[in-house]
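Asks: So here's model.cif (mmCIF, C-alpha atoms).
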data_entry
loop_
_atom_site.label_atom_id
_atom_site.label_comp_id
_atom_site.auth_asym_id
_atom_site.auth_seq_id
_atom_site.Cartn_x
_atom_site.Cartn_y
_atom_site.Cartn_z
CA MET A 234 -9.83 5.86 6.75
CA ARG A 235 -7.46 4.08 9.15
CA ALA A 236 -7.55 0.91 7.04
CA SER A 237 -6.89 2.95 3.91
CA THR A 238 -3.80 4.65 5.34
CA GLN A 239 -2.46 1.30 6.57
CA THR A 240 -2.90 -0.18 3.10
CA VAL A 241 -0.94 2.71 1.60
CA GLY A 242 1.77 2.28 4.23
CA ASN A 243 2.02 -1.49 3.69
CA LEU A 244 2.29 -1.14 -0.08
CA ALA A 245 4.87 1.62 0.26
CA MET A 246 7.08 -0.47 2.55
CA LEU A 247 6.76 -3.55 0.33
CA MET A 248 7.88 -1.55 -2.71
CA TYR A 249 10.62 0.09 -0.64
CA ALA A 250 12.10 -3.29 0.28
CA LEU A 251 12.12 -4.54 -3.32
CA VAL A 252 13.51 -1.31 -4.79
CA THR A 253 16.19 -1.17 -2.08
CA ALA A 254 17.45 -4.61 -3.11
CA LEU A 255 17.97 -3.44 -6.69
CA THR A 256 19.45 -0.05 -5.80
CA SER A 257 22.01 -1.53 -3.40
CA ILE A 258 23.35 -3.58 -6.29
CA LEU A 259 23.42 -0.45 -8.47
CA ILE A 260 25.31 1.63 -5.89
CA HIS A 261 27.73 -1.26 -5.29
CA HIS A 262 28.67 -1.35 -8.98
CA THR A 263 28.91 2.46 -9.16
CA THR A 264 31.30 2.74 -6.22
CA GLN A 265 33.62 0.19 -7.82
CA GLN A 266 34.24 2.70 -10.62
CA ILE A 267 33.80 6.12 -9.01
CA ALA A 268 34.95 7.31 -5.57
CA PRO A 269 32.20 6.89 -2.93
CA LEU A 270 32.43 10.52 -1.76
CA LEU A 271 32.03 11.86 -5.30
CA SER A 272 29.24 9.39 -6.01
CA ALA A 273 27.42 10.48 -2.86
CA PHE A 274 27.93 14.19 -3.60
CA TYR A 275 26.32 14.12 -7.03
CA THR A 276 23.64 11.64 -6.01
CA PHE A 277 22.37 13.76 -3.12
CA LEU A 278 22.87 17.07 -4.90
CA PHE A 279 20.32 15.86 -7.44
CA CYS A 280 18.10 14.72 -4.55
CA ILE A 281 18.08 18.25 -3.12
CA LEU A 282 17.22 19.73 -6.50
CA VAL A 283 14.41 17.24 -7.09
CA TYR A 284 12.80 17.42 -3.65
CA ASN A 285 13.05 21.19 -3.30
CA GLY A 286 11.81 21.71 -6.84
CA ILE A 287 8.67 19.77 -5.88
CA SER A 288 8.02 20.81 -2.29
CA LYS A 289 9.46 24.37 -2.02
CA VAL A 290 9.48 23.82 1.75
CA ILE A 291 12.12 26.39 2.73
CA PRO A 292 10.31 29.55 1.56
CA SER A 293 6.89 28.28 2.61
CA LYS A 294 7.75 27.00 6.11
CA LEU A 295 10.81 28.99 7.12
CA SER A 296 9.43 29.94 10.54
CA LEU A 297 8.52 26.33 11.30
CA ILE A 298 11.97 25.16 10.21
CA LYS A 299 13.57 27.67 12.59
CA LYS A 300 11.30 26.45 15.39
CA SER A 301 12.27 22.82 14.67
CA TRP A 302 15.96 23.58 14.07
CA PHE A 303 17.25 20.79 16.34
CA ASP A 304 15.13 18.13 14.63
CA VAL A 305 16.22 19.39 11.20
CA LEU A 306 19.86 19.39 12.31
CA MET A 307 19.65 15.85 13.68
CA LEU A 308 17.83 14.73 10.53
CA ASN A 309 20.75 16.05 8.45
CA PHE A 310 23.46 14.74 10.78
CA THR A 311 22.09 11.18 10.98
CA THR A 312 21.44 11.15 7.24
CA ALA A 313 25.02 12.22 6.47
CA ILE A 314 26.53 9.46 8.63
CA CYS A 315 24.05 6.88 7.36
CA TRP A 316 24.54 7.50 3.63
CA ILE A 317 28.25 8.33 3.51
CA PHE A 318 28.95 5.13 5.40
CA ALA A 319 26.57 3.28 3.08
CA PHE A 320 28.42 4.36 -0.07
CA TYR A 321 31.77 3.36 1.43
CA SER A 322 30.43 0.08 2.77
CA LEU A 323 28.99 -0.85 -0.62
CA LYS A 324 32.44 -0.33 -2.12
CA TYR A 325 33.96 -2.88 0.24
CA ILE A 326 31.35 -5.64 0.68
CA PRO A 327 28.64 -7.31 -1.46
CA PRO A 328 25.26 -5.53 -1.47
CA GLU A 329 23.33 -8.40 0.13
CA LEU A 330 25.77 -8.52 3.07
CA TYR A 331 25.57 -4.74 3.40
CA LEU A 332 21.77 -4.85 3.56
CA PHE A 333 21.69 -7.59 6.20
CA VAL A 334 24.20 -5.75 8.40
CA TYR A 335 22.57 -2.35 7.94
CA LEU A 336 19.01 -3.56 8.45
CA CYS A 337 19.89 -5.79 11.41
CA GLY A 338 21.78 -2.87 12.90
CA MET A 339 18.54 -0.89 13.02
CA PRO A 340 16.52 -3.19 15.35
CA ILE A 341 19.65 -3.81 17.45
CA ALA A 342 20.02 -0.05 17.90
CA PHE A 343 16.27 0.18 18.61
CA SER A 344 16.69 -2.37 21.41
CA PHE A 345 19.44 -0.34 23.06
CA LEU A 346 17.66 2.99 22.64
CA TYR A 347 14.36 1.76 24.11
CA LYS A 348 15.81 -0.92 26.41
CA THR A 349 13.61 -3.66 25.01
CA GLN A 350 13.81 -6.84 22.91
CA TRP A 351 17.27 -7.77 24.17
CA VAL A 352 16.87 -11.40 23.12
CA LYS A 353 16.07 -10.40 19.54
CA ALA A 354 19.08 -8.09 19.45
CA ALA A 355 21.36 -10.91 20.66
CA ILE A 356 19.93 -13.34 18.09
CA LEU A 357 20.39 -10.84 15.25
CA PHE A 358 23.96 -10.07 16.28
CA THR A 359 24.77 -13.78 16.44
CA GLY A 360 23.23 -14.33 13.01
CA LEU A 361 25.26 -11.45 11.57
CA MET A 362 28.48 -12.95 12.87
CA MET A 363 27.54 -16.30 11.33
CA LEU A 364 26.75 -14.67 7.97
CA ALA A 365 29.87 -12.49 7.93
CA MET A 366 32.07 -15.56 8.46
CA THR A 367 30.87 -16.97 5.12
CA TYR A 368 32.41 -14.00 3.25
CA HIS A 369 36.10 -13.28 2.74
CA GLY A 370 38.25 -10.27 1.86
CA ASP A 371 40.70 -7.78 3.31
CA THR A 372 38.04 -5.06 3.52
CA LEU A 373 35.31 -7.26 5.01
CA LEU A 374 35.63 -5.99 8.60
CA LEU A 375 35.73 -2.35 7.49
CA GLY A 376 32.70 -2.73 5.24
CA VAL A 377 30.67 -4.57 7.87
CA SER A 378 31.57 -2.01 10.55
CA LEU A 379 30.53 0.91 8.34
CA ALA A 380 27.24 -0.78 7.46
CA PHE A 381 26.47 -1.52 11.12
CA VAL A 382 27.13 2.05 12.25
CA GLY A 383 25.04 3.26 9.32
CA GLY A 384 22.17 1.09 10.57
CA ILE A 385 22.42 2.65 14.02
CA PHE A 386 22.17 6.15 12.60
CA GLY A 387 19.41 4.99 10.24
CA THR A 388 17.34 4.10 13.31
CA ILE A 389 17.94 7.51 14.88
CA TYR A 390 17.02 9.16 11.58
CA SER A 391 13.75 7.20 11.50
CA ILE A 392 12.85 8.44 14.98
CA PHE A 393 13.41 12.10 14.09
CA SER A 394 11.72 11.66 10.72
CA LYS A 395 8.65 10.14 12.38
CA LYS A 396 8.56 13.04 14.87
CA MET A 397 8.64 15.62 12.08
CA THR A 398 5.63 14.13 10.27
CA VAL A 399 3.46 16.11 12.70
CA ASP A 400 4.46 19.44 11.07
CA PHE A 401 5.92 18.48 7.70
CA SER A 402 4.76 16.44 4.73
CA THR A 403 6.72 13.50 3.32
CA LEU A 404 8.30 15.54 0.52
CA GLU A 405 9.08 18.43 2.86
CA ILE A 406 11.02 16.17 5.23
CA LEU A 407 12.96 14.66 2.34
CA SER A 408 13.75 18.10 0.93
CA LEU A 409 15.32 19.12 4.26
CA ARG A 410 17.34 15.96 4.75
CA PHE A 411 20.44 16.06 2.52
CA TYR A 412 22.11 19.47 2.97
CA LEU A 413 24.78 18.33 5.42
CA THR A 414 25.46 15.21 3.33
CA VAL A 415 26.09 17.32 0.22
CA PHE A 416 28.22 19.83 2.13
CA ILE A 417 30.46 17.15 3.69
CA THR A 418 30.89 15.10 0.52
CA PHE A 419 31.63 18.25 -1.55
CA LEU A 420 34.17 19.54 0.96
CA LEU A 421 36.00 16.20 1.19
CA SER A 422 35.84 15.58 -2.57
CA ALA A 423 37.29 19.05 -3.20
CA CYS A 424 40.08 18.44 -0.66
CA PHE A 425 40.99 15.20 -2.42
CA GLY A 426 40.88 16.85 -5.86
CA LYS A 427 37.90 14.81 -7.09
CA ILE A 428 35.70 17.74 -8.16
CA GLN A 429 36.19 18.63 -11.82
CA LEU A 430 34.17 19.39 -14.92
CA MET A 431 32.86 16.15 -16.42
CA HIS A 432 31.09 15.14 -19.63
CA VAL A 433 27.32 15.57 -19.68
CA ASP A 434 26.84 11.78 -19.67
CA PHE A 435 28.48 11.69 -16.22
CA TYR A 436 25.87 14.02 -14.75
CA LEU A 437 23.03 12.22 -16.49
CA LYS A 438 24.23 8.96 -14.95
CA PHE A 439 24.11 10.41 -11.45
CA SER A 440 20.77 12.09 -11.95
CA LEU A 441 19.38 8.67 -12.90
CA LEU A 442 21.20 7.04 -9.96
CA SER A 443 19.71 9.64 -7.63
CA LEU A 444 16.16 9.08 -8.85
CA ILE A 445 16.31 5.28 -8.81
CA SER A 446 18.44 4.60 -5.74
CA VAL A 447 17.47 7.45 -3.41
CA VAL A 448 14.44 9.53 -4.44
CA LEU A 449 12.15 6.57 -5.16
CA PRO A 450 12.99 4.27 -2.20
CA LEU A 451 13.19 7.08 0.37
CA THR A 452 9.87 8.53 -0.76
CA LEU A 453 8.34 5.07 -0.34
CA PHE A 454 9.97 4.68 3.09
CA GLN A 455 8.74 8.08 4.25
CA VAL A 456 5.19 7.25 3.12
CA GLY A 457 5.45 3.94 4.96
CA ILE A 458 6.53 5.34 8.32
CA LYS A 459 3.99 8.15 8.04
CA ASN A 460 1.06 5.71 7.70
CA LEU A 461 2.28 2.84 9.90
CA HIS A 462 3.65 2.34 13.37
CA LEU A 463 7.44 2.36 13.14
CA THR A 464 7.72 -1.27 14.32
CA ARG A 465 5.23 -2.41 11.65
CA ALA A 466 7.02 -0.44 8.93
CA LEU A 467 10.40 -1.91 9.85
CA SER A 468 8.97 -5.45 9.71
CA TYR A 469 9.14 -5.28 5.90
CA LEU A 470 12.88 -4.68 5.88
CA PRO A 471 13.97 -8.38 5.79
CA LEU A 472 12.56 -8.60 2.26
CA ALA A 473 15.27 -6.26 0.94
CA PRO A 474 18.41 -8.30 1.73
CA LEU A 475 16.57 -11.55 0.96
CA ALA A 476 15.65 -10.29 -2.52
CA CYS A 477 19.15 -8.91 -3.02
CA TYR A 478 20.70 -12.25 -2.06
CA ALA A 479 18.41 -14.09 -4.50
CA ILE A 480 19.17 -11.66 -7.35
CA ASN A 481 22.94 -11.92 -6.85
CA PHE A 482 22.81 -15.71 -6.58
CA ILE A 483 20.79 -16.03 -9.79
CA CYS A 484 22.64 -13.38 -11.83
CA THR A 485 26.23 -14.19 -10.82
CA ASP A 486 28.37 -17.30 -10.76
CA ALA A 487 28.33 -17.48 -6.97
CA SER A 488 28.69 -21.03 -5.66
CA PHE A 489 26.12 -22.53 -3.31
CA ASN A 490 27.12 -22.18 0.34
CA PRO A 491 24.86 -24.08 2.77
CA LEU A 492 26.12 -22.17 5.83
CA GLN A 493 25.53 -18.85 4.08
CA LEU A 494 22.01 -19.81 3.03
CA THR A 495 21.27 -20.97 6.58
CA ALA A 496 22.47 -17.64 7.97
CA VAL A 497 20.37 -15.73 5.41
CA VAL A 498 17.19 -17.64 6.29
CA PHE A 499 17.94 -17.41 10.02
CA LEU A 500 18.42 -13.63 9.89
CA SER A 501 15.34 -13.06 7.70
CA ILE A 502 13.15 -14.97 10.17
CA ALA A 503 14.77 -13.31 13.20
CA MET A 504 14.15 -9.84 11.76
CA LEU A 505 10.43 -10.59 11.44
CA PHE A 506 9.89 -11.37 15.13
#
Since I need it in another form, could you write the structure as structure tokens?
Replies:
Amino acid sequence: MRASTQTVGNLAMLMYALVTALTSILIHHTTQQIAPLLSAFYTFLFCILVYNGISKVIPSKLSLIKKSWFDVLMLNFTTAICWIFAFYSLKYIPPELYLFVYLCGMPIAFSFLYKTQWVKAAILFTGLMMLAMTYHGDTLLLGVSLAFVGGIFGTIYSIFSKKMTVDFSTLEILSLRFYLTVFITFLLSACFGKIQLMHVDFYLKFSLLSLISVVLPLTLFQVGIKNLHLTRALSYLPLAPLACYAINFICTDASFNPLQLTAVVFLSIAMLF
């Protein structure tokens, strides 16, 4: 039974890494056309509808939710910071750079939280600086900073999510996760005059974006951390930015940069150990 659950967890995390590479590119292109706050609002509104339509966790486990109110609150708070920053970061920097910064930010945050693996944290931070120097743009520092902070909160989210697997199923945790994100993005979008009645194609686009870029990868991630030790699950993460870098290099007219490739390989190896 133990071997079976580990196999499920390994497959889930492998698929998560590959899907994440593709969805980061998709979100990057979306946020170039539509405001990040509005994009996030509709994306996660559809997530709530999908997950709650499947799990129906609130009416069935209301007493348990009240008992675990702090964990649910922290799950929502860390998710809101993580994803709002992600949508903004992907507007400002290329998706492969975003993924490296975000995913390296997670083990660096883990090192500080648990006071361990300081050498790895220093190596990852050095590698990130080396990689960031190969990119250019007025919004580079802002995008990198947002991605790094998002990675920190992604680590905290993972800790609370893992804790909640004792009382809640994968779908139940996901159905509880996005309420604060939707509330914040709706409130800010309304304040900036972004909320308005759109053509049906607009909503269909975001329902598809929600399913492909959030529902599918997060379900895979939740299955992974449920069936694996958190450290083992996170070991698959280097595959995501590596795949994203390869896809962008093949599908765009990006010129070969030896220093950039060296930094990519260096970071991918460093994240594995």
Asks: Can you list, as a list in words, the residues that the PyMOL selection byres ((chain A and resi 396) around 12) selects here?
Replies: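 Evaluating the PyMOL selection byres ((chain A and resi 396) around 12) on this file yields Ser301, Phe303, Asp304, Val305, Met307, Leu308, Ile389, Tyr390, Ser391, Ile392, Phe393, Ser394, Lys395, Met397, Thr398, Val399, Asp400, Phe401, Ser402, Thr403, Ile406, Gln455, Ile458, Lys459, His462 and Leu463 of chain A.
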Asks: How close does each residue of segment 274-358 of chain A get to segment 246-261 of chain A, giving the shortest atom pair and distance in Å to one decimal for every residue with an atom at most 8 Å away, counting only C-alpha atoms, sorted by chain and residue number, as CSV?
Replies:
residue,atom,partner,partner_atom,distance
A:Phe320,CA,A:Ile260,CA,7.1
A:Leu323,CA,A:His261,CA,4.9
A:Lys324,CA,A:His261,CA,5.8
A:Pro327,CA,A:His261,CA,7.2
A:Pro328,CA,A:Ser257,CA,5.5
A:Glu329,CA,A:Ala254,CA,7.7
A:Leu332,CA,A:Ser257,CA,7.7
Asks: List, as a PyMOL selection string, every residue that the PyMOL selection byres ((chain A and resi 441) around 12) selects in the file provided.
Replies: chain A and resi 256+259-260+263+275-277+279-280+283+434-440+442-449
Asks: With only C-alpha atoms as the basis for distance, which of A:Asn309, A:Gln429, A:Asn460, A:Thr495 is at the shortest distance from Ser237 of chain A?
Replies: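 Using only C-alpha atoms, the shortest distance to Ser237 of chain A belongs to A:Asn460.
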Asks: State, in Å with one decimal place, the distance from atom CA of Phe358 of chain A to atom CA of Val456 of chain A.
Replies: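 Distance reported for this atom pair: 28.7 Å.
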Asks: With distances taken over only C-alpha atoms, which of A:Lys299, A:Lys427, A:Lys353, A:Arg410 is nearest to Cys337 of chain A?
Replies: A:Lys353
Asks: Using all atoms of segment 293-301 of chain A listed in the file and a margin of 3 Å per side, can you give the axis-aligned box centre and edge lengths in Å to one decimal, as AutoDock Vina command-line options?
Replies:
--center_x 10.2 --center_y 26.4 --center_z 9.0 --size_x 12.7 --size_y 13.1 --size_z 18.8
Asks: Report the distance between atom CA of Phe411 of chain A and atom CA of Phe310 of chain A in Å, rounded to one decimal place.
Replies: 8.9 Å
Asks: Missing atoms in segment 474-505 of chain A should be modelled up to N, CA and C atoms and reported as a compact mmCIF listing (two decimals), keeping the file's coordinate frame.
Replies:
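Okay, out22.txt is ready:
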# COMPACT_ATOMS: atom_id res chain seq x y z
N PRO A 474 17.20 -7.48 1.90
CA PRO A 474 18.41 -8.30 1.73
C PRO A 474 18.11 -9.69 1.16
N LEU A 475 16.94 -10.24 1.48
CA LEU A 475 16.57 -11.55 0.96
C LEU A 475 16.44 -11.50 -0.56
N ALA A 476 15.78 -10.46 -1.07
CA ALA A 476 15.65 -10.29 -2.52
C ALA A 476 16.99 -10.02 -3.17
N CYS A 477 17.82 -9.22 -2.50
CA CYS A 477 19.15 -8.91 -3.02
C CYS A 477 20.01 -10.16 -3.11
N TYR A 478 19.94 -11.00 -2.08
CA TYR A 478 20.70 -12.25 -2.06
C TYR A 478 20.25 -13.15 -3.22
N ALA A 479 18.94 -13.24 -3.43
CA ALA A 479 18.41 -14.09 -4.50
C ALA A 479 18.84 -13.57 -5.88
N ILE A 480 18.78 -12.26 -6.06
CA ILE A 480 19.17 -11.66 -7.35
C ILE A 480 20.64 -11.93 -7.64
N ASN A 481 21.50 -11.70 -6.65
CA ASN A 481 22.94 -11.92 -6.85
C ASN A 481 23.26 -13.38 -7.09
N PHE A 482 22.56 -14.27 -6.41
CA PHE A 482 22.81 -15.71 -6.58
C PHE A 482 22.41 -16.16 -7.98
N ILE A 483 21.29 -15.63 -8.47
CA ILE A 483 20.79 -16.03 -9.79
C ILE A 483 21.61 -15.41 -10.92
N CYS A 484 22.01 -14.13 -10.74
CA CYS A 484 22.64 -13.38 -11.83
C CYS A 484 24.16 -13.45 -11.85
N THR A 485 24.77 -14.05 -10.83
CA THR A 485 26.23 -14.19 -10.82
C THR A 485 26.60 -15.66 -10.76
N ASP A 486 27.90 -15.91 -10.80
CA ASP A 486 28.37 -17.30 -10.76
C ASP A 486 28.72 -17.74 -9.34
N ALA A 487 28.06 -17.15 -8.36
CA ALA A 487 28.33 -17.48 -6.97
C ALA A 487 28.01 -18.96 -6.71
N SER A 488 28.89 -19.62 -5.97
CA SER A 488 28.69 -21.03 -5.66
C SER A 488 27.75 -21.17 -4.46
N PHE A 489 27.06 -22.29 -4.41
CA PHE A 489 26.12 -22.53 -3.31
C PHE A 489 26.88 -22.77 -2.01
N ASN A 490 26.49 -22.06 -0.97
CA ASN A 490 27.12 -22.18 0.34
C ASN A 490 26.03 -22.48 1.37
N PRO A 491 25.93 -23.71 1.84
CA PRO A 491 24.86 -24.08 2.77
C PRO A 491 24.85 -23.25 4.05
N LEU A 492 26.04 -22.96 4.60
CA LEU A 492 26.12 -22.17 5.83
C LEU A 492 25.61 -20.75 5.58
N GLN A 493 25.97 -20.20 4.43
CA GLN A 493 25.53 -18.85 4.08
C GLN A 493 24.02 -18.79 3.91
N LEU A 494 23.46 -19.76 3.21
CA LEU A 494 22.01 -19.81 3.03
C LEU A 494 21.31 -19.97 4.38
N THR A 495 21.86 -20.79 5.24
CA THR A 495 21.27 -20.97 6.58
C THR A 495 21.26 -19.67 7.35
N ALA A 496 22.38 -18.93 7.27
CA ALA A 496 22.47 -17.64 7.97
C ALA A 496 21.48 -16.63 7.38
N VAL A 497 21.31 -16.64 6.07
CA VAL A 497 20.37 -15.73 5.41
C VAL A 497 18.94 -16.00 5.87
N VAL A 498 18.54 -17.27 5.85
CA VAL A 498 17.19 -17.64 6.29
C VAL A 498 17.00 -17.33 7.77
N PHE A 499 18.00 -17.66 8.57
CA PHE A 499 17.94 -17.41 10.02
C PHE A 499 17.73 -15.92 10.31
N LEU A 500 18.52 -15.07 9.66
CA LEU A 500 18.42 -13.63 9.89
C LEU A 500 17.08 -13.07 9.40
N SER A 501 16.62 -13.54 8.25
CA SER A 501 15.34 -13.06 7.70
C SER A 501 14.19 -13.37 8.66
N ILE A 502 14.20 -14.58 9.22
CA ILE A 502 13.15 -14.97 10.17
C ILE A 502 13.29 -14.17 11.47
N ALA A 503 14.52 -14.03 11.95
CA ALA A 503 14.77 -13.31 13.20
C ALA A 503 14.33 -11.85 13.11
N MET A 504 14.53 -11.25 11.93
CA MET A 504 14.15 -9.84 11.76
C MET A 504 12.63 -9.64 11.79
N LEU A 505 11.90 -10.70 11.49
CA LEU A 505 10.43 -10.59 11.44
C LEU A 505 9.79 -10.62 12.82
